[in-house]
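Chemist: Next comes the structure file coords_32.cif, holding mmCIF, C-alpha atoms.
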data_my_file
loop_
_atom_site.group_PDB
_atom_site.id
_atom_site.type_symbol
_atom_site.label_atom_id
_atom_site.label_comp_id
_atom_site.auth_asym_id
_atom_site.auth_seq_id
_atom_site.Cartn_x
_atom_site.Cartn_y
_atom_site.Cartn_z
ATOM 1 C CA MET A 1088 54.262 45.510 78.215
ATOM 2 C CA PHE A 1089 55.321 47.916 75.486
ATOM 3 C CA LYS A 1090 56.895 47.727 72.042
ATOM 4 C CA GLY A 1091 60.520 48.502 71.362
ATOM 5 C CA LEU A 1092 63.260 47.889 68.825
ATOM 6 C CA LEU A 1093 65.752 45.572 70.491
ATOM 7 C CA ILE A 1094 69.257 44.778 69.277
ATOM 8 C CA THR A 1095 70.629 41.427 70.429
ATOM 9 C CA GLN A 1096 73.960 39.774 69.717
ATOM 10 C CA GLU A 1097 74.922 36.136 69.275
ATOM 11 C CA ASP A 1098 78.318 34.880 68.049
ATOM 12 C CA LYS A 1099 79.331 38.518 67.488
ATOM 13 C CA LYS A 1100 76.465 39.008 65.030
ATOM 14 C CA SER A 1101 73.768 41.510 65.987
ATOM 15 C CA THR A 1102 70.089 41.404 65.085
ATOM 16 C CA ALA A 1103 67.486 44.159 65.443
ATOM 17 C CA SER A 1104 63.742 43.492 65.672
ATOM 18 C CA VAL A 1105 60.587 44.971 67.185
ATOM 19 C CA VAL A 1106 59.538 43.015 70.290
ATOM 20 C CA GLU A 1107 57.299 43.269 73.344
ATOM 21 C CA LEU A 1108 59.224 44.425 76.438
ATOM 22 C CA GLN A 1109 58.431 44.535 80.136
ATOM 23 C CA GLU A 1110 58.834 47.743 82.103
ATOM 24 C CA ASP A 1111 61.036 46.080 84.711
ATOM 25 C CA LEU A 1112 63.668 45.467 82.011
ATOM 26 C CA LEU A 1113 64.278 49.193 81.649
ATOM 27 C CA PRO A 1114 67.638 50.379 83.029
ATOM 28 C CA GLU A 1115 68.047 52.566 86.105
ATOM 29 C CA GLY A 1116 67.020 56.205 86.060
ATOM 30 C CA ASP A 1117 64.974 58.673 88.074
ATOM 31 C CA VAL A 1118 62.455 59.563 85.338
ATOM 32 C CA LEU A 1119 60.097 57.161 83.553
ATOM 33 C CA ILE A 1120 58.882 58.465 80.200
ATOM 34 C CA GLU A 1121 56.100 57.538 77.814
ATOM 35 C CA VAL A 1122 57.912 58.050 74.514
ATOM 36 C CA HIS A 1123 55.910 59.744 71.758
ATOM 37 C CA TYR A 1124 58.533 60.197 69.042
ATOM 38 C CA SER A 1125 62.125 59.267 68.356
ATOM 39 C CA THR A 1126 64.356 59.610 65.298
ATOM 40 C CA LEU A 1127 66.665 57.626 63.058
ATOM 41 C CA ASN A 1128 70.129 59.188 62.948
ATOM 42 C CA TYR A 1129 73.296 57.999 61.214
ATOM 43 C CA LYS A 1130 74.620 56.621 64.500
ATOM 44 C CA ASP A 1131 71.358 54.729 65.036
ATOM 45 C CA GLY A 1132 71.722 53.296 61.541
ATOM 46 C CA LEU A 1133 75.193 52.008 62.355
ATOM 47 C CA ALA A 1134 73.908 50.430 65.573
ATOM 48 C CA ILE A 1135 70.862 48.793 63.997
ATOM 49 C CA THR A 1136 72.693 47.362 60.981
ATOM 50 C CA GLY A 1137 75.739 46.337 63.015
ATOM 51 C CA LYS A 1138 78.032 48.047 60.493
ATOM 52 C CA SER A 1139 79.967 49.776 63.271
ATOM 53 C CA PRO A 1140 80.490 48.816 66.941
ATOM 54 C CA VAL A 1141 78.282 51.627 68.266
ATOM 55 C CA VAL A 1142 76.449 49.515 70.842
ATOM 56 C CA ARG A 1143 78.505 48.959 73.989
ATOM 57 C CA SER A 1144 76.284 46.359 75.703
ATOM 58 C CA PHE A 1145 73.542 43.955 74.667
ATOM 59 C CA PRO A 1146 70.602 43.736 74.534
ATOM 60 C CA MET A 1147 70.095 47.397 73.586
ATOM 61 C CA VAL A 1148 67.233 49.636 72.543
ATOM 62 C CA PRO A 1149 68.771 52.142 70.079
ATOM 63 C CA GLY A 1150 67.644 55.715 69.550
ATOM 64 C CA ILE A 1151 69.794 58.688 70.572
ATOM 65 C CA ASP A 1152 66.771 61.026 70.593
ATOM 66 C CA LEU A 1153 63.345 61.011 72.169
ATOM 67 C CA VAL A 1154 60.517 63.237 73.286
ATOM 68 C CA GLY A 1155 57.804 62.119 75.655
ATOM 69 C CA LYS A 1156 55.632 62.642 78.687
ATOM 70 C CA VAL A 1157 56.891 62.017 82.213
ATOM 71 C CA LEU A 1158 55.009 59.137 83.844
ATOM 72 C CA GLN A 1159 56.998 58.988 87.101
ATOM 73 C CA SER A 1160 59.719 61.246 88.473
ATOM 74 C CA ASP A 1161 62.023 61.128 91.478
ATOM 75 C CA SER A 1162 63.652 64.365 90.312
ATOM 76 C CA ASP A 1163 62.940 67.878 91.544
ATOM 77 C CA ARG A 1164 63.366 69.132 87.961
ATOM 78 C CA PHE A 1165 60.431 67.283 86.418
ATOM 79 C CA SER A 1166 56.899 66.321 87.381
ATOM 80 C CA GLU A 1167 54.365 63.850 86.055
ATOM 81 C CA GLY A 1168 52.879 65.163 82.807
ATOM 82 C CA ASP A 1169 55.891 67.282 81.788
ATOM 83 C CA PHE A 1170 57.166 66.888 78.226
ATOM 84 C CA VAL A 1171 60.926 66.345 77.982
ATOM 85 C CA ILE A 1172 63.594 65.963 75.298
ATOM 86 C CA LEU A 1173 66.639 63.705 75.291
ATOM 87 C CA ASN A 1174 69.601 64.014 72.905
ATOM 88 C CA GLY A 1175 72.745 61.937 73.301
ATOM 89 C CA PHE A 1176 74.493 61.198 76.626
ATOM 90 C CA GLY A 1177 75.317 57.699 75.338
ATOM 91 C CA VAL A 1178 71.658 56.731 75.193
ATOM 92 C CA GLY A 1179 71.128 54.084 72.511
ATOM 93 C CA GLU A 1180 74.746 53.011 72.954
ATOM 94 C CA MET A 1181 75.213 52.284 76.687
ATOM 95 C CA HIS A 1182 71.693 52.971 78.018
ATOM 96 C CA TRP A 1183 68.381 51.965 76.435
ATOM 97 C CA GLY A 1184 67.184 54.697 74.109
ATOM 98 C CA GLY A 1185 64.245 56.228 72.334
ATOM 99 C CA LEU A 1186 63.160 53.601 69.803
ATOM 100 C CA ALA A 1187 60.626 52.124 72.221
ATOM 101 C CA GLN A 1188 57.327 53.217 73.723
ATOM 102 C CA LYS A 1189 58.848 53.730 77.186
ATOM 103 C CA ALA A 1190 62.233 54.836 78.537
ATOM 104 C CA ARG A 1191 63.757 55.282 81.978
ATOM 105 C CA LEU A 1192 66.463 57.960 82.048
ATOM 106 C CA LYS A 1193 68.518 60.154 84.331
ATOM 107 C CA SER A 1194 66.971 63.584 84.848
ATOM 108 C CA ASP A 1195 70.391 65.225 84.334
ATOM 109 C CA TRP A 1196 70.157 64.187 80.676
ATOM 110 C CA LEU A 1197 66.779 65.818 80.020
ATOM 111 C CA ILE A 1198 65.555 69.285 79.130
ATOM 112 C CA SER A 1199 61.996 70.556 78.999
ATOM 113 C CA LEU A 1200 60.280 70.791 75.631
ATOM 114 C CA PRO A 1201 60.739 74.485 74.709
ATOM 115 C CA LYS A 1202 57.773 76.719 74.052
ATOM 116 C CA GLY A 1203 57.056 77.351 70.392
ATOM 117 C CA ILE A 1204 57.421 73.772 69.135
ATOM 118 C CA ASP A 1205 55.392 70.647 69.843
ATOM 119 C CA ALA A 1206 56.584 67.121 70.568
ATOM 120 C CA LYS A 1207 56.471 65.966 66.955
ATOM 121 C CA GLN A 1208 58.331 69.032 65.715
ATOM 122 C CA SER A 1209 61.034 68.562 68.341
ATOM 123 C CA MET A 1210 61.911 65.149 66.915
ATOM 124 C CA ALA A 1211 61.657 66.386 63.360
ATOM 125 C CA ILE A 1212 64.546 68.547 64.572
ATOM 126 C CA GLY A 1213 66.219 65.924 66.791
ATOM 127 C CA THR A 1214 69.954 65.637 67.264
ATOM 128 C CA ALA A 1215 70.526 66.631 63.641
ATOM 129 C CA GLY A 1216 68.828 70.023 63.960
ATOM 130 C CA TYR A 1217 70.247 70.533 67.429
ATOM 131 C CA THR A 1218 73.767 69.819 66.121
ATOM 132 C CA ALA A 1219 73.202 72.185 63.203
ATOM 133 C CA MET A 1220 72.154 74.904 65.652
ATOM 134 C CA LEU A 1221 75.244 74.331 67.796
ATOM 135 C CA SER A 1222 77.337 74.748 64.640
ATOM 136 C CA VAL A 1223 75.590 77.980 63.665
ATOM 137 C CA LEU A 1224 76.003 79.310 67.200
ATOM 138 C CA ALA A 1225 79.730 78.551 67.003
ATOM 139 C CA LEU A 1226 80.021 80.632 63.816
ATOM 140 C CA GLU A 1227 78.103 83.489 65.420
ATOM 141 C CA LYS A 1228 80.176 83.453 68.584
ATOM 142 C CA GLN A 1229 83.382 83.622 66.514
ATOM 143 C CA GLY A 1230 82.124 86.745 64.766
ATOM 144 C CA VAL A 1231 81.043 85.248 61.432
ATOM 145 C CA THR A 1232 78.141 87.387 60.209
ATOM 146 C CA PRO A 1233 76.066 87.401 57.002
ATOM 147 C CA ASP A 1234 78.351 90.176 55.744
ATOM 148 C CA SER A 1235 81.458 88.015 56.208
ATOM 149 C CA GLY A 1236 80.921 86.048 53.000
ATOM 150 C CA GLU A 1237 79.855 82.618 51.765
ATOM 151 C CA ILE A 1238 79.167 79.759 54.185
ATOM 152 C CA LEU A 1239 79.818 76.208 52.963
ATOM 153 C CA VAL A 1240 77.660 73.333 54.210
ATOM 154 C CA THR A 1241 78.927 69.840 53.335
ATOM 155 C CA GLY A 1242 76.827 66.692 53.418
ATOM 156 C CA ALA A 1243 73.978 69.031 52.589
ATOM 157 C CA ASN A 1244 71.286 66.411 51.941
ATOM 158 C CA GLY A 1245 71.632 64.874 55.396
ATOM 159 C CA GLY A 1246 69.735 65.901 58.492
ATOM 160 C CA VAL A 1247 72.409 68.188 59.923
ATOM 161 C CA GLY A 1248 73.150 69.704 56.535
ATOM 162 C CA SER A 1249 69.492 70.316 55.719
ATOM 163 C CA PHE A 1250 68.819 72.109 58.989
ATOM 164 C CA ALA A 1251 72.096 74.045 58.784
ATOM 165 C CA ILE A 1252 71.063 75.429 55.394
ATOM 166 C CA ARG A 1253 67.609 76.407 56.633
ATOM 167 C CA LEU A 1254 68.920 78.056 59.811
ATOM 168 C CA LEU A 1255 71.685 79.964 58.031
ATOM 169 C CA ASN A 1256 69.222 81.152 55.398
ATOM 170 C CA ARG A 1257 66.809 82.389 58.066
ATOM 171 C CA LEU A 1258 69.668 84.367 59.592
ATOM 172 C CA GLY A 1259 70.559 85.995 56.279
ATOM 173 C CA TYR A 1260 73.721 84.086 55.318
ATOM 174 C CA HIS A 1261 74.729 83.237 51.729
ATOM 175 C CA VAL A 1262 74.861 79.430 51.771
ATOM 176 C CA VAL A 1263 76.688 77.130 49.358
ATOM 177 C CA ALA A 1264 75.650 73.476 49.641
ATOM 178 C CA SER A 1265 77.962 70.566 48.790
ATOM 179 C CA THR A 1266 76.251 67.295 47.880
ATOM 180 C CA GLY A 1267 76.837 64.017 46.126
ATOM 181 C CA ARG A 1268 73.267 64.051 44.856
ATOM 182 C CA MET A 1269 73.071 66.921 42.429
ATOM 183 C CA GLU A 1270 69.588 65.745 41.440
ATOM 184 C CA GLU A 1271 68.479 67.091 44.840
ATOM 185 C CA SER A 1272 69.521 70.648 43.963
ATOM 186 C CA ASP A 1273 65.929 71.907 43.914
ATOM 187 C CA TYR A 1274 65.400 70.552 47.433
ATOM 188 C CA LEU A 1275 68.545 72.280 48.712
ATOM 189 C CA LYS A 1276 67.596 75.557 47.057
ATOM 190 C CA SER A 1277 64.140 75.315 48.644
ATOM 191 C CA LEU A 1278 65.887 75.204 52.027
ATOM 192 C CA GLY A 1279 67.816 78.365 51.230
ATOM 193 C CA ALA A 1280 71.023 77.338 49.471
ATOM 194 C CA SER A 1281 72.081 79.993 46.974
ATOM 195 C CA ASP A 1282 74.539 77.731 45.143
ATOM 196 C CA ILE A 1283 75.101 73.973 44.867
ATOM 197 C CA ILE A 1284 78.477 72.311 44.247
ATOM 198 C CA ASP A 1285 79.305 68.658 43.623
ATOM 199 C CA ARG A 1286 81.013 66.995 46.579
ATOM 200 C CA ASN A 1287 83.655 65.616 44.199
ATOM 201 C CA THR A 1288 85.194 69.093 44.102
ATOM 202 C CA LEU A 1289 86.068 68.641 47.800
ATOM 203 C CA SER A 1290 86.334 64.907 48.426
ATOM 204 C CA GLU A 1291 89.704 64.152 46.784
ATOM 205 C CA PRO A 1292 93.194 64.997 48.104
ATOM 206 C CA GLY A 1293 93.974 68.702 47.588
ATOM 207 C CA LYS A 1294 96.627 71.309 48.165
ATOM 208 C CA PRO A 1295 97.281 72.385 51.779
ATOM 209 C CA LEU A 1296 96.420 75.995 50.852
ATOM 210 C CA GLN A 1297 93.836 76.802 48.183
ATOM 211 C CA LYS A 1298 92.070 79.887 46.888
ATOM 212 C CA GLU A 1299 90.269 81.644 49.741
ATOM 213 C CA ARG A 1300 86.499 81.399 49.439
ATOM 214 C CA TRP A 1301 84.602 80.485 52.618
ATOM 215 C CA ALA A 1302 83.975 82.819 55.541
ATOM 216 C CA GLY A 1303 82.652 79.839 57.448
ATOM 217 C CA VAL A 1304 82.064 76.122 57.024
ATOM 218 C CA ILE A 1305 79.707 73.611 58.634
ATOM 219 C CA ASP A 1306 81.249 70.241 57.804
ATOM 220 C CA CYS A 1307 79.295 67.017 58.271
ATOM 221 C CA VAL A 1308 81.685 64.820 56.304
ATOM 222 C CA GLY A 1309 85.263 64.804 57.625
ATOM 223 C CA SER A 1310 88.312 63.357 55.836
ATOM 224 C CA HIS A 1311 89.484 65.086 52.613
ATOM 225 C CA THR A 1312 86.322 67.173 52.457
ATOM 226 C CA LEU A 1313 87.104 68.806 55.796
ATOM 227 C CA ALA A 1314 90.775 69.243 54.853
ATOM 228 C CA ASN A 1315 89.870 70.958 51.562
ATOM 229 C CA ALA A 1316 87.278 73.143 53.285
ATOM 230 C CA CYS A 1317 89.911 74.365 55.744
ATOM 231 C CA ALA A 1318 92.405 74.924 52.922
ATOM 232 C CA SER A 1319 89.957 77.209 51.081
ATOM 233 C CA THR A 1320 88.628 79.133 54.091
ATOM 234 C CA LYS A 1321 89.331 82.874 54.105
ATOM 235 C CA TYR A 1322 91.739 84.560 56.506
ATOM 236 C CA GLY A 1323 90.268 84.453 60.019
ATOM 237 C CA GLY A 1324 87.414 82.200 58.920
ATOM 238 C CA VAL A 1325 85.778 79.519 61.031
ATOM 239 C CA VAL A 1326 85.219 75.828 60.271
ATOM 240 C CA THR A 1327 82.980 73.659 62.447
ATOM 241 C CA ALA A 1328 83.315 69.869 62.307
ATOM 242 C CA CYS A 1329 80.410 67.687 63.404
ATOM 243 C CA GLY A 1330 80.371 64.613 61.144
ATOM 244 C CA LEU A 1331 82.422 61.812 59.627
ATOM 245 C CA ALA A 1332 80.374 60.478 56.713
ATOM 246 C CA GLN A 1333 83.493 60.343 54.508
ATOM 247 C CA GLY A 1334 85.814 59.215 57.311
ATOM 248 C CA MET A 1335 87.346 59.949 60.692
ATOM 249 C CA ASP A 1336 90.714 60.864 59.192
ATOM 250 C CA PHE A 1337 91.845 64.454 58.713
ATOM 251 C CA PRO A 1338 94.539 64.496 55.978
ATOM 252 C CA ALA A 1339 95.417 68.171 56.302
ATOM 253 C CA SER A 1340 98.338 70.432 57.147
ATOM 254 C CA VAL A 1341 98.691 73.210 59.707
ATOM 255 C CA ALA A 1342 99.030 75.799 56.914
ATOM 256 C CA PRO A 1343 95.444 77.202 57.034
ATOM 257 C CA PHE A 1344 95.637 77.584 60.790
ATOM 258 C CA ILE A 1345 99.040 79.273 61.146
ATOM 259 C CA LEU A 1346 99.125 81.222 57.852
ATOM 260 C CA ARG A 1347 95.494 82.315 57.640
ATOM 261 C CA GLY A 1348 94.367 82.127 61.234
ATOM 262 C CA VAL A 1349 91.566 79.701 60.374
ATOM 263 C CA LYS A 1350 89.748 78.323 63.418
ATOM 264 C CA LEU A 1351 88.594 74.682 63.506
ATOM 265 C CA ILE A 1352 85.902 74.060 66.119
ATOM 266 C CA GLY A 1353 84.652 70.599 67.027
ATOM 267 C CA ILE A 1354 80.912 70.301 67.634
ATOM 268 C CA ASP A 1355 80.001 67.652 70.173
ATOM 269 C CA SER A 1356 76.293 67.125 70.746
ATOM 270 C CA VAL A 1357 76.444 64.002 72.913
ATOM 271 C CA MET A 1358 77.858 65.310 76.206
ATOM 272 C CA ARG A 1359 77.056 69.000 75.746
ATOM 273 C CA PRO A 1360 76.287 70.868 79.008
ATOM 274 C CA LEU A 1361 72.623 71.561 79.722
ATOM 275 C CA ALA A 1362 73.055 75.340 79.378
ATOM 276 C CA ASP A 1363 74.280 74.911 75.788
ATOM 277 C CA ARG A 1364 71.419 72.523 75.010
ATOM 278 C CA ILE A 1365 68.812 74.912 76.354
ATOM 279 C CA GLU A 1366 70.315 77.814 74.378
ATOM 280 C CA ALA A 1367 70.345 75.807 71.152
ATOM 281 C CA TRP A 1368 66.780 74.536 71.541
ATOM 282 C CA GLN A 1369 65.513 78.003 72.385
ATOM 283 C CA ARG A 1370 67.056 79.403 69.193
ATOM 284 C CA LEU A 1371 65.602 76.512 67.181
ATOM 285 C CA SER A 1372 62.128 77.249 68.523
ATOM 286 C CA GLU A 1373 62.537 80.900 67.505
ATOM 287 C CA LEU A 1374 63.999 80.404 64.018
ATOM 288 C CA LEU A 1375 62.105 77.439 62.597
ATOM 289 C CA GLN A 1376 58.638 77.753 61.106
ATOM 290 C CA PRO A 1377 55.897 75.079 60.762
ATOM 291 C CA GLU A 1378 56.589 74.612 57.045
ATOM 292 C CA ASP A 1379 60.208 73.685 57.737
ATOM 293 C CA PHE A 1380 59.367 70.374 59.372
ATOM 294 C CA ASP A 1381 57.434 68.787 56.513
ATOM 295 C CA SER A 1382 60.043 69.752 53.916
ATOM 296 C CA ILE A 1383 62.990 68.293 55.834
ATOM 297 C CA CYS A 1384 61.368 65.303 57.541
ATOM 298 C CA GLU A 1385 59.629 62.016 56.721
ATOM 299 C CA GLU A 1386 57.679 59.990 59.303
ATOM 300 C CA ILE A 1387 57.841 56.219 59.808
ATOM 301 C CA GLY A 1388 56.751 53.701 62.458
ATOM 302 C CA LEU A 1389 58.840 51.313 64.552
ATOM 303 C CA GLU A 1390 58.240 48.463 62.116
ATOM 304 C CA ASP A 1391 59.896 50.492 59.320
ATOM 305 C CA VAL A 1392 63.062 51.429 61.220
ATOM 306 C CA VAL A 1393 65.343 48.503 60.312
ATOM 307 C CA GLU A 1394 64.686 48.743 56.569
ATOM 308 C CA THR A 1395 65.091 52.520 56.649
ATOM 309 C CA ALA A 1396 68.376 52.204 58.572
ATOM 310 C CA TYR A 1397 69.930 50.328 55.659
ATOM 311 C CA LYS A 1398 68.659 52.960 53.213
ATOM 312 C CA LEU A 1399 70.107 55.698 55.402
ATOM 313 C CA LEU A 1400 73.584 54.178 55.349
ATOM 314 C CA ASP A 1401 73.326 53.687 51.573
ATOM 315 C CA GLY A 1402 72.713 57.418 51.150
ATOM 316 C CA LYS A 1403 69.127 56.921 49.964
ATOM 317 C CA VAL A 1404 67.444 59.012 52.668
ATOM 318 C CA ARG A 1405 67.009 62.766 52.376
ATOM 319 C CA GLY A 1406 66.797 65.012 55.420
ATOM 320 C CA ARG A 1407 65.386 63.702 58.695
ATOM 321 C CA VAL A 1408 63.598 60.505 59.691
ATOM 322 C CA LEU A 1409 60.981 60.929 62.432
ATOM 323 C CA VAL A 1410 59.857 57.737 64.184
ATOM 324 C CA ASN A 1411 56.343 57.620 65.618
ATOM 325 C CA VAL A 1412 56.833 54.851 68.178
ATOM 326 C CA LYS A 1413 53.095 54.678 68.927
ATOM 327 C CA ALA A 1414 51.995 54.195 65.304
ATOM 328 C CA GLN A 1415 50.295 50.893 64.550
#
Would you mind writing the file out in structure tokens?

Modeler:
Amino acid sequence: MFKGLLITQEDKKSTASVVELQEDLLPEGDVLIEVHYSTLNYKDGLAITGKSPVVRSFPMVPGIDLVGKVLQSDSDRFSEGDFVILNGFGVGEMHWGGLAQKARLKSDWLISLPKGIDAKQSMAIGTAGYTAMLSVLALEKQGVTPDSGEILVTGANGGVGSFAIRLLNRLGYHVVASTGRMEESDYLKSLGASDIIDRNTLSEPGKPLQKERWAGVIDCVGSHTLANACASTKYGGVVTACGLAQGMDFPASVAPFILRGVKLIGIDSVMRPLADRIEAWQRLSELLQPEDFDSICEEIGLEDVVETAYKLLDGKVRGRVLVNVKAQ
């Protein structure tokens, strides 16, 4: 028996609670893992609270991230005792995820814990930091350098935004952070933001072409914010889109793309090929320092996850939420 957060549904109403589970209930997979840490992401919050139809089948253990030790393996890639990381691949939506003390997964979804970070640090990073790194890599690969100009990060107080600021700062970029919580300006500046702007300057309908400012953008918000970011990106600039906190809509025109050659790049972290995952995690292990994890992350136990999920969706959580699934 082991503990896990289980979401059940009755009369189209879902309920999430910590329960005792039997190992034989775990879904199919060729690697059995003793989970050490998971995370609480925005998508997990939607699943746990039932505020969006994230979960595809019930009952479900949520948790799109995990790190743990291999207990059994039928895969040539991993052996008993190896530490592995999981991000995405529909885990926590269609396949039981990381918010439990054990998980059985497909080896094709896993990568080895990279050298330079430990298990706890890897989940302080989680999908949020991994997504931020994918976004930074996209800017680099499109030729956006620190000399290109200002980089805008929207949704700056969230997990992706927080790590994006820290990573960009470590690489020498001039970062401007957009937030709806201006009282958190000191926190954002401590991560490396040079300037802070109120999200209201971006979140309302705007002109299709605006004054050129950004050499690059990492957008975690979507909707009008993304449209305005594109409209104010400099000629040949690059915008990456990885979030939808404001909405899934994109009320924009083609003007920035055909008149200024702006590039809009979607950042998918869920089904990303293993080679991209390994590259991103290797860069994370090289760029992040021990002090980064405590400043961006708070730690909770399984029993605290449901309450924290509601706070997360209400915008009352800063940075990352690390879940110690073994904590009593």

Chemist: Between A:Ala1225, A:Ala1318, A:Ile1252, A:Val1325, single out the one closest to Glu1366 of chain A, counting all atoms listed in the file.

Modeler: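 Using all atoms listed in the file, Glu1366 of chain A sits closest to A:Ala1225.
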
Chemist: Taking into account all atoms listed in the file, which residue in the set A:Gln1109, A:Thr1320, A:Asn1244, A:Ser1166 is nearest to Lys1090 of chain A?

Modeler: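 The shortest atom-to-atom distance to Lys1090 of chain A comes from A:Gln1109.
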
Chemist: Which residues fall under the PyMOL selection byres ((chain A and resi 1217) around 9) in this file, as a VMD selection string?

Modeler: chain A and resid 1174 1212 to 1216 1218 to 1222 1247 1250 1356 1364 1367 to 1368 1371

Chemist: Write out as a list in words the residues lying within 10 Å of Asp1205 of chain A, counting all atoms listed in the file and excluding same-chain residues fewer than 6 positions away.

Modeler: Val1154, Phe1170, Ala1211 and Ser1372 of chain A

Chemist: Skip segment 1231-1236 of chain A itself and residues of its chain fewer than 6 positions away, then list as a compact mmCIF listing (two decimals) with C-alpha atoms, in the coordinates of the input all residues within 12 Å of it, counting all atoms listed in the file.

Modeler:
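Saved the output as part33.txt:
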# COMPACT_ATOMS: atom_id res chain seq x y z
CA SER A 1222 77.34 74.75 64.64
CA VAL A 1223 75.59 77.98 63.66
CA LEU A 1224 76.00 79.31 67.20
CA ALA A 1225 79.73 78.55 67.00
CA LEU A 1255 71.68 79.96 58.03
CA ASN A 1256 69.22 81.15 55.40
CA ARG A 1257 66.81 82.39 58.07
CA LEU A 1258 69.67 84.37 59.59
CA GLY A 1259 70.56 86.00 56.28
CA TYR A 1260 73.72 84.09 55.32
CA HIS A 1261 74.73 83.24 51.73
CA VAL A 1262 74.86 79.43 51.77
CA VAL A 1263 76.69 77.13 49.36
CA GLU A 1299 90.27 81.64 49.74
CA ARG A 1300 86.50 81.40 49.44
CA TRP A 1301 84.60 80.48 52.62
CA ALA A 1302 83.98 82.82 55.54
CA GLY A 1303 82.65 79.84 57.45
CA VAL A 1304 82.06 76.12 57.02
CA THR A 1320 88.63 79.13 54.09
CA LYS A 1321 89.33 82.87 54.10
CA TYR A 1322 91.74 84.56 56.51
CA GLY A 1323 90.27 84.45 60.02
CA GLY A 1324 87.41 82.20 58.92
CA VAL A 1325 85.78 79.52 61.03
CA VAL A 1326 85.22 75.83 60.27
CA THR A 1327 82.98 73.66 62.45
CA VAL A 1349 91.57 79.70 60.37
CA LYS A 1350 89.75 78.32 63.42

Chemist: Please compute the atom CA of Ser1265 of chain A-atom CA of Leu1289 of chain A distance, one decimal, in Å.

Modeler: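 A separation of 8.4 Å between them.
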
Chemist: Which one is closest to Asp1355 of chain A: A:Gly1330, A:Gly1230, A:Pro1146, A:Gly1267? Count only C-alpha atoms.

Modeler: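 The answer is A:Gly1330, which sits nearest to Asp1355 of chain A.
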
Chemist: Closest to Pro1292 of chain A among A:Ala1314, A:Leu1127, A:Cys1329, A:Ile1094, using all atoms listed in the file?

Modeler: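 Checking each of A:Ala1314, A:Leu1127, A:Cys1329, A:Ile1094 against Pro1292 of chain A, counting all atoms listed in the file, the winner is A:Ala1314.
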
Chemist: Which residue gives the smallest distance to Gly1175 of chain A among A:Gly1245, A:Arg1359, A:Ala1316, A:Ser1340, with all atoms listed in the file counted?

Modeler: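 For Gly1175 of chain A, the nearest of the candidates is A:Arg1359.
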
Chemist: Return the single residue from A:Thr1241, A:Val1404, A:Arg1268, A:Pro1377 that is closest to Leu1331 of chain A, with distances computed using all atoms listed in the file.

Modeler: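 Distance minimum relative to Leu1331 of chain A lands on A:Thr1241.
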